[in-house]
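Q: Please find one structure pasted underneath; my questions will follow.
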Number of protein chains: 2
Amino acid sequence: MSKKRKKIHIMKIALAQLNYHIGNFEGNLQKMLDAVESARSQGADLVCFGELAVCGYPPRDFLEFDDFIRRCYASVEALQKVSHGIGIVVGSPTRNPVAAGKDLYNSAYFLYDGQVLGVQHKTLLPTYDIFDEYRYFEPATAFGSISFKGKKIALSVCEDIWNVGNDNPLYTICPLDEIMHEQPDFILNLSASPFDYAHATARIEAVRANVQRYNIPMFYVNHVGAQTDIIFDGGSIVMSSANGGEVFDEMPYFEEAFKVYDLAEVQRGGQRHEQPQDKTRLIHDALVLGIRDYFQKLGFKRAILGLSGGIDSAVTAVLSAKALGPQNVRVLLLPSQFSSEHSVNDAGETALKPLFWAQPFNITEENIQARIRGTLLMAMSNKYGQILLNTTNKSEMSVGYGTLYGDMCGGISVLGDVYKTEVYELANYLNKDGIVIPLNSIEKPPSAELRPGQKDSDSLPPYEVLDPLLYQYIECRKGPSELIDMGFDEALVKRVLRMVNINEFKREQAAPVLRISTKGFGMGRRMPIVGKYLS
Amino acid sequence: MSKKRKKIHIMKIALAQLNYHIGNFEGNLQKMLDAVESARSQGADLVCFGELAVCGYPPRDFLEFDDFIRRCYASVEALQKVSHGIGIVVGSPTRNPVAAGKDLYNSAYFLYDGQVLGVQHKTLLPTYDIFDEYRYFEPATAFGSISFKGKKIALSVCEDIWNVGNDNPLYTICPLDEIMHEQPDFILNLSASPFDYAHATARIEAVRANVQRYNIPMFYVNHVGAQTDIIFDGGSIVMSSANGGEVFDEMPYFEEAFKVYDLAEVQRGGQRHEQPQDKTRLIHDALVLGIRDYFQKLGFKRAILGLSGGIDSAVTAVLSAKALGPQNVRVLLLPSQFSSEHSVNDAGETALKPLFWAQPFNITEENIQARIRGTLLMAMSNKYGQILLNTTNKSEMSVGYGTLYGDMCGGISVLGDVYKTEVYELANYLNKDGIVIPLNSIEKPPSAELRPGQKDSDSLPPYEVLDPLLYQYIECRKGPSELIDMGFDEALVKRVLRMVNINEFKREQAAPVLRISTKGFGMGRRMPIVGKYLS
């Protein structure tokens with residue numbers, strides 16, 4: 001794109017980085033109405049919300065309910081009514097009037113003076129990892145800028161800017177290329193771009209690739225907040241096109257934010273505000289928000305978890321205390337606090353004795369113990385209305401080192417996307433201002449604590465070996481020959497990949513996992529159960 | 001399309017309706033090699049397999065592993081090598097050589113005389129319900145017929161024929177329209193089209209819509225067999241274009257089949273062979289196959305289940321005995337066979353007493369009982385290597401009438417897509433040649449059997465009312481106002497929809513459900529957990 005000389009106009013643009021709640025139309029609308037009033041009172045010309053802000057993201061198959069779409073339209077109309085004198089840009093599904101193709105578009109509305117000034121549908125529909133957008137939406141085939149107060153604005157929705165600057169682009173079109181013929185003054189992008197610990201960097205690079213390509217500033221508004229497993233970190237970006245793309249401002253991570261920007265200042269550039277992106281800190285903040293929103297959005301206040309003396313449950317306890325307040329987290333010391341847990345096990349084994357005949361002791365007895373413990377924890381959960389937090393880590397979940405309906409119980413898995421070696425990093429991070437995770441639980445050898453003297457290393461390779469192997473297989477999708485070429489032991493590769501694959505049935509029934517990596521267990525990783533590949 | 005006069009040539013076409021196993025490259029290849037030899041020995045010119053036959057369907061995220069794709073190519077090459085003198089048509093993923101767009105195509109290979117005679121990529125990529133094809137595949141943009149032994153063949157893959165004859169088509173293109181310019185002699189369609197109890201009829205109608213539109217015969221090859229929750233029923237179709245589309249032959253439902261057809265005879269038409277499509281019989285046969293394949297493909301032989309005296313467990317027991325052989329199904333009478341189950345409950349409640357303080361009796365105690373029972377059944381499962389069958393029906397699953405980690409335990413849910421009223425129909429069907437489901441269990445009021453005298457109707461509306469309401473909400477996606485307009489009671493609608501929605505967290509952790517309807521629980525129905533819509 002050729003470099004263009006821009007006139008400097010006065011325009012104030014407000015970005016509202018909000019925590020939406022899927023299907024909570026009243027709540028989402030009220031937040032946006034409040035932000036419109038803030039924007040108006042601060043003299044903004046324009047206020048921008050996120051992708052599908054009226055209904056929250058991802059709405060999943062609620063989109064297939066006509067009633068749900070009607071309510072989306074009602075929210076857009078309510079915003080339209082308050083748009084006198086102020087532009088409101090908001091994401092909503094819209095109906096496709098043409099019979100052929102999907103029934104909906106994923107759209108950005110530009111509302112002003114009680115009118116719809118323009119609508120731009122999303123072109124690039126992410127359908128990978130946790131995303132299913134082509135399940136619902138037809139891609140845009142028409143493109144145009146919005147003329148507003150003497151400016152031309154290139155509207156785009158999330159993925160529409162992500163096909164630029166890739167070696168292996170997922171799509172065959174860059175929709176902003178089409179709009180650039182109209183020489184817009186800046187780009188507005190309405191996003192719902194979920195967190196992973198590498199995403200803040202990737203997001204800035206994606207925005208910069210566009211700002212460089214088109215040589216105009218971009219205002220990028222993201223969601224913040226967690227929707228079950230999927231966490232939005234905010235980090236909305238204002239990028240100047242000066243000096244090859246400067247982060248003029250980056251909104252905070254993991255909290256709601258509202259700010260008004262002066263377009264002329266952004267165009268001038270010369271300001272840089274980018275936040276630190278320390279992996280462990282990001283994971284920590286994401287998990288705290290993930291726990292908090294899971295409870296808050298379900299209408300629960302209190303959590304319960306079993307504390308085994310190991311590091312996973314200790315870290316989960318501290319994270320949940322930060323998320324919910326220590327007074328709302330009930331911790332049960334296992335096994336001591338269920339003082340007669342052993343008698344339940346004994347009674348269970350007695351009840352089974354006539355059916356077990358002369359069968360030898362095996363993993364069954366360990367599973368009974370884990371399940372009895374799960375039953376006792378769930379009883380506490382039911383009796384007191386406290387949601388049980390699952391404390392399984394990603395290394396264990398990967399290789400199936402856990403008992404279904406036992407230690408795999410829980411409403412939400414806090415560490416199921418955090419490898420054991422990363423749990424240690426989290427523990428050290430939590431201890432940085434004073435010991436909250438007992439050093440003993442950090443230093444002692446990991447154990448499932450189901451047999452005296454049992455250690456994870458009895459049946460698993462050391463986590464320093466296992467975790468990088470799992471990472472290459474799960475996150476990077478390397479096959480056996482590639483892993484062996486990377487230097488992993490052939491027998492270990494075969495054994496570990498088999499463990500991962502034959503345990504798909506357990507993960508199928510696992511609690512939702514707070515997603516912090518590029519490949520978490522759950523909707524983002526869809527594997528056959530009866531498959532016979534590397535198993 | 002104009003009606004064309006066709007010359008009659010001799011060509012023998014073999015259809016192989018096979019039960020593939022996802023990722024089992026050796027097994028799938030061997031089946032196909034055997035079919036090639038049968039075809040050759042019966043003088044066939046051509047033998048046709050299903051969509052993605054080399055790797056099985058749906059391969060899901062295994063497609064993201066380059067190693068997996070390499071193995072698909074290896075299988076295609078092995079088939080290519082045995083194609084001397086015989087055409088082999090087979091589905092496989094292929095790599096997209098262009099950087100932009102998805103990395104793969106979903107392709108039909110036409111192999112002959114050791115060469116690749118042609119490849120047609122799939123155009124219409126189903127991305128709805130259980131389907132995720134746009135997650136992996138780029139749609140075709142090039143179309144052409146295959147010239148083979150003096151005939152022109154229009155190759156197509158599954159969904160490519162489903163955009164014809166719809167009022168609300170999902171796609172904006174019909175790929176066969178493009179190929180028809182070349183005046184092909186017949187259509188070959190390689191499918192992997194899963195069963196639901198209305199699908200056989202829909203499939204015949206879809207094939208007929210194409211045969212009418214293009215006025216040439218179609219050979220349609222489907223998969224048969226279950227891949228965890230998804231069941232393929234076979235029913236491959238040979239349709240003549242005579243008389244507006246006659247089902248010249250329909251291959252059997254729910255079993256492998258191989259047959260050679262004479263093209264000239266098909267072109268002449270005048271033969272009609274269509275199978276009966278009784279809903280309850282289809283569901284019965286699908287569930288039996290679903291159970292059988294789940295065990296067989298996981299390498300297990302034996303099942304266990306708890307028999308409560310109710311109809312669900314009785315029907316599950318009979319279906320599994322049919323699937324696995326009665327000698328491979330262990331049935332435990334509950335609670336009597338765990339003769340001291342009560343002492344485990346007592347011990348559990350004693351262990352909890354210090355923690356329960358003066359809390360009143362509530363649902364907790366029922367849940368404890370259900371979970372203890374689940375633990376005992378799972379202990380039997382673990383000890384004897386028998387997979388526990390889950391017996392929950394779709395009505396219960398819908399409204400969350402079941403205990404997570406209790407009666408929701410199990411490797412596979414047999415009836416989770418069968419409404420209670422349909423379970424009764426199944427029971428009567430099973431009893432048609434002699435009583436196998438005790439009449440008592442059919443006639444007595446349904447109960448979860450967790451309190452003396454407890455009946456489902458204490459807390460649920462009668463199933464004759466509940467099931468149609470659930471069907472309209474779940475299968476037909478009607479919203480509250482539409483349901484009330486249909487005559488359902490307003491308070492009941494509100495209550496039931498809320499029950500469905502607030503129990504999403506339970507279904508998230510449920511066993512995979514054998515899918516027999518147009519909207520089963522599992523991958524085909526993706527709902528937010530923390531959503532606040534109709535809840």
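FYI, nothing fancy with the structure tokens labels: chains A, B, ... in order, residues from 1 per chain, ligands from 1 as they appear.
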Counting only C-alpha atoms, a student should be able to say which residues of chain A come within 6 Å of chain B; what is the right answer, written as number ranges by chain?
A: A: 22-24, 60-61, 65, 67, 99-102, 127-128, 135, 168-172, 228, 297-298, 338, 340-341, 344, 347-348, 351, 364, 379, 382-383, 405, 477, 479, 509-510, 526-527, 530-533
Q: Could you name the residues that touch stretch 86-95 of chain B at 7 Å or less, counting only C-alpha atoms, but leaving out those on the same chain fewer than 6 positions away, as a short mmCIF file (atom, residue, chain, number, x, y, z; two decimals) with N, CA, C and O atoms, in the first residue's frame?
A:
data_model
loop_
_atom_site.label_atom_id
_atom_site.label_comp_id
_atom_site.auth_asym_id
_atom_site.auth_seq_id
_atom_site.Cartn_x
_atom_site.Cartn_y
_atom_site.Cartn_z
N ARG B 40 -12.37 -57.55 -8.39
CA ARG B 40 -11.63 -58.07 -9.55
C ARG B 40 -12.16 -59.46 -9.93
O ARG B 40 -12.41 -59.74 -11.11
N ASP B 45 -15.33 -53.37 -13.17
CA ASP B 45 -14.41 -52.41 -13.77
C ASP B 45 -13.90 -51.42 -12.74
O ASP B 45 -12.87 -50.78 -12.92
N LEU B 46 -14.65 -51.29 -11.68
CA LEU B 46 -14.49 -50.17 -10.76
C LEU B 46 -14.98 -50.60 -9.39
O LEU B 46 -16.01 -51.26 -9.28
N VAL B 47 -14.23 -50.22 -8.35
CA VAL B 47 -14.73 -50.48 -6.99
C VAL B 47 -14.64 -49.18 -6.18
O VAL B 47 -13.66 -48.45 -6.26
N CYS B 48 -15.69 -48.89 -5.42
CA CYS B 48 -15.82 -47.59 -4.74
C CYS B 48 -15.91 -47.75 -3.24
O CYS B 48 -16.73 -48.54 -2.74
N PHE B 49 -15.10 -46.97 -2.55
CA PHE B 49 -15.13 -46.94 -1.09
C PHE B 49 -15.71 -45.61 -0.62
O PHE B 49 -16.12 -44.78 -1.43
N GLY B 50 -15.70 -45.40 0.70
CA GLY B 50 -16.36 -44.21 1.26
C GLY B 50 -15.44 -43.00 1.37
O GLY B 50 -14.26 -43.04 1.03
N GLU B 51 -16.03 -41.94 1.89
CA GLU B 51 -15.32 -40.69 2.16
C GLU B 51 -14.26 -40.93 3.24
O GLU B 51 -14.52 -41.59 4.25
N LEU B 52 -13.08 -40.38 3.02
CA LEU B 52 -11.98 -40.51 3.99
C LEU B 52 -11.82 -41.95 4.47
O LEU B 52 -11.52 -42.20 5.65
N ALA B 53 -12.02 -42.88 3.54
CA ALA B 53 -12.01 -44.30 3.93
C ALA B 53 -10.65 -44.73 4.47
O ALA B 53 -10.58 -45.58 5.35
N VAL B 54 -9.58 -44.14 3.98
CA VAL B 54 -8.26 -44.61 4.42
C VAL B 54 -8.06 -44.43 5.92
O VAL B 54 -7.41 -45.24 6.58
N ILE B 69 -1.41 -37.57 8.11
CA ILE B 69 -1.64 -37.35 6.67
C ILE B 69 -0.69 -38.20 5.84
O ILE B 69 -1.07 -38.77 4.81
N CYS B 72 -2.13 -41.51 5.53
CA CYS B 72 -3.23 -41.52 4.56
C CYS B 72 -2.68 -41.68 3.15
O CYS B 72 -3.17 -42.50 2.35
N ASP B 103 -4.91 -26.23 5.08
CA ASP B 103 -3.80 -27.05 4.59
C ASP B 103 -4.23 -28.32 3.87
O ASP B 103 -3.39 -28.99 3.25
N LEU B 104 -5.50 -28.69 3.99
CA LEU B 104 -5.94 -29.98 3.44
C LEU B 104 -7.17 -29.83 2.54
O LEU B 104 -7.92 -28.86 2.67
N TYR B 105 -7.33 -30.81 1.68
CA TYR B 105 -8.61 -31.03 1.00
C TYR B 105 -9.16 -32.37 1.45
O TYR B 105 -8.43 -33.27 1.85
N ASN B 106 -10.48 -32.48 1.37
CA ASN B 106 -11.17 -33.75 1.58
C ASN B 106 -11.46 -34.29 0.18
O ASN B 106 -12.31 -33.77 -0.52
N SER B 107 -10.73 -35.32 -0.24
CA SER B 107 -10.67 -35.65 -1.66
C SER B 107 -11.16 -37.06 -1.99
O SER B 107 -11.10 -37.96 -1.15
N ALA B 108 -11.62 -37.20 -3.23
CA ALA B 108 -11.92 -38.52 -3.80
C ALA B 108 -10.86 -38.80 -4.86
O ALA B 108 -10.69 -38.04 -5.81
N TYR B 109 -10.13 -39.89 -4.67
CA TYR B 109 -9.13 -40.33 -5.64
C TYR B 109 -9.75 -41.32 -6.60
O TYR B 109 -10.48 -42.22 -6.17
N PHE B 110 -9.39 -41.17 -7.87
CA PHE B 110 -9.74 -42.21 -8.85
C PHE B 110 -8.42 -42.83 -9.32
O PHE B 110 -7.64 -42.18 -10.02
N LEU B 111 -8.19 -44.06 -8.90
CA LEU B 111 -6.93 -44.75 -9.19
C LEU B 111 -7.18 -45.81 -10.27
O LEU B 111 -8.20 -46.51 -10.24
N TYR B 112 -6.24 -45.93 -11.19
CA TYR B 112 -6.41 -46.94 -12.25
C TYR B 112 -5.07 -47.26 -12.88
O TYR B 112 -4.30 -46.34 -13.18
N ASP B 113 -4.83 -48.52 -13.11
CA ASP B 113 -3.61 -48.98 -13.78
C ASP B 113 -2.34 -48.39 -13.15
O ASP B 113 -1.42 -47.97 -13.85
N LEU B 190 -19.05 -40.45 -2.74
CA LEU B 190 -18.39 -41.13 -1.61
C LEU B 190 -18.83 -40.43 -0.34
O LEU B 190 -18.48 -39.26 -0.13
#
Q: Check stretch 155-329 of chain B with DSSP on the backbone and list each residue it calls strand (DSSP E or B), as a PDB file with C-alpha atoms, in the first residue's frame.
A:
ATOM      1  CA  LEU B 155     -17.101 -37.667  -8.734  1.00  0.00           C
ATOM      2  CA  SER B 156     -18.458 -36.056  -5.595  1.00  0.00           C
ATOM      3  CA  VAL B 157     -17.941 -36.325  -1.873  1.00  0.00           C
ATOM      4  CA  PHE B 186     -23.280 -41.068 -13.946  1.00  0.00           C
ATOM      5  CA  ILE B 187     -22.523 -39.631 -10.524  1.00  0.00           C
ATOM      6  CA  LEU B 188     -20.373 -41.352  -7.950  1.00  0.00           C
ATOM      7  CA  ASN B 189     -20.736 -40.084  -4.406  1.00  0.00           C
ATOM      8  CA  LEU B 190     -18.389 -41.127  -1.615  1.00  0.00           C
ATOM      9  CA  PRO B 194     -24.222 -40.606   9.902  1.00  0.00           C
ATOM     10  CA  MET B 218     -26.037 -42.094  -9.062  1.00  0.00           C
ATOM     11  CA  PHE B 219     -23.958 -44.591  -7.126  1.00  0.00           C
ATOM     12  CA  TYR B 220     -23.769 -43.508  -3.504  1.00  0.00           C
ATOM     13  CA  VAL B 221     -21.428 -45.371  -1.112  1.00  0.00           C
ATOM     14  CA  VAL B 224     -21.293 -48.441   8.092  1.00  0.00           C
ATOM     15  CA  GLY B 225     -20.305 -48.870  11.737  1.00  0.00           C
ATOM     16  CA  ALA B 226     -20.013 -46.708  14.831  1.00  0.00           C
ATOM     17  CA  GLN B 227     -17.185 -44.390  15.828  1.00  0.00           C
ATOM     18  CA  ILE B 230     -21.556 -41.466  15.737  1.00  0.00           C
ATOM     19  CA  ILE B 231     -23.220 -44.369  13.982  1.00  0.00           C
ATOM     20  CA  PHE B 232     -23.102 -44.955  10.231  1.00  0.00           C
ATOM     21  CA  ASP B 233     -25.959 -47.061   8.964  1.00  0.00           C
ATOM     22  CA  GLY B 234     -24.768 -47.902   5.470  1.00  0.00           C
ATOM     23  CA  ILE B 237     -27.844 -46.315  -2.808  1.00  0.00           C
ATOM     24  CA  VAL B 238     -27.875 -47.087  -6.481  1.00  0.00           C
ATOM     25  CA  MET B 239     -30.440 -44.859  -8.153  1.00  0.00           C
ATOM     26  CA  SER B 240     -31.598 -45.058 -11.712  1.00  0.00           C
ATOM     27  CA  GLU B 246     -35.900 -45.086  -8.773  1.00  0.00           C
ATOM     28  CA  VAL B 247     -34.004 -46.727  -5.925  1.00  0.00           C
ATOM     29  CA  PHE B 248     -32.500 -49.480  -8.065  1.00  0.00           C
ATOM     30  CA  ASP B 249     -30.877 -50.919  -4.973  1.00  0.00           C
ATOM     31  CA  GLU B 250     -30.290 -49.976  -1.393  1.00  0.00           C
ATOM     32  CA  TYR B 253     -28.522 -51.032   7.021  1.00  0.00           C
ATOM     33  CA  ALA B 257     -21.927 -55.123   2.242  1.00  0.00           C
ATOM     34  CA  PHE B 258     -20.317 -55.542  -1.137  1.00  0.00           C
ATOM     35  CA  LYS B 259     -22.139 -55.735  -4.439  1.00  0.00           C
ATOM     36  CA  VAL B 260     -21.413 -55.377  -8.139  1.00  0.00           C
ATOM     37  CA  TYR B 261     -23.849 -53.455 -10.346  1.00  0.00           C
ATOM     38  CA  ASP B 262     -24.197 -53.424 -14.106  1.00  0.00           C
ATOM     39  CA  ALA B 303     -19.848 -54.992  29.689  1.00  0.00           C
ATOM     40  CA  ILE B 304     -21.295 -54.475  33.106  1.00  0.00           C
ATOM     41  CA  LEU B 305     -24.369 -52.596  34.188  1.00  0.00           C
ATOM     42  CA  GLY B 306     -26.540 -52.107  37.206  1.00  0.00           C
ATOM     43  CA  LEU B 307     -30.110 -53.353  36.911  1.00  0.00           C
ATOM     44  CA  VAL B 329     -22.791 -58.788  29.793  1.00  0.00           C
TER      45      VAL B 329
END
Q: I'd like the interatomic distance between atom CA of A:Ala39 and atom CA of A:Gly244, to a tenth of an Å.
A: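 Between these atoms lies a distance of 29.6 Å.
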Q: Do you know which residues are at most 6 Å from stretch 414-431 of chain A counting only C-alpha atoms, after dropping those on the same chain fewer than 6 positions away, and could you put them as a list in words?
A: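 So the residues in contact are Thr392, Asn393, Lys394, Ser395, Val513, Leu514, Arg515 and Gly520 of chain A.
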Q: Show which residues sit within 9 Å of A:Leu33, as an MDAnalysis selection string. Count only C-alpha atoms, and ignore same-chain residues fewer than 6 positions away.
A: chainID A and resid 78:79 82
Q: Restricting it to N, CA and C atoms, dump the selection as a PDB file, in the first residue's frame.
A:
ATOM      1  N   ALA A  78     -31.852  -1.024  21.110  1.00  0.00           N
ATOM      2  CA  ALA A  78     -31.760  -0.212  22.329  1.00  0.00           C
ATOM      3  C   ALA A  78     -30.540   0.710  22.268  1.00  0.00           C
ATOM      4  N   LEU A  79     -29.452   0.236  21.722  1.00  0.00           N
ATOM      5  CA  LEU A  79     -28.259   1.082  21.588  1.00  0.00           C
ATOM      6  C   LEU A  79     -28.486   2.153  20.515  1.00  0.00           C
ATOM      7  N   VAL A  82     -30.070   5.258  21.798  1.00  0.00           N
ATOM      8  CA  VAL A  82     -29.294   6.207  22.630  1.00  0.00           C
ATOM      9  C   VAL A  82     -28.108   6.775  21.848  1.00  0.00           C
TER      10      VAL A  82
END
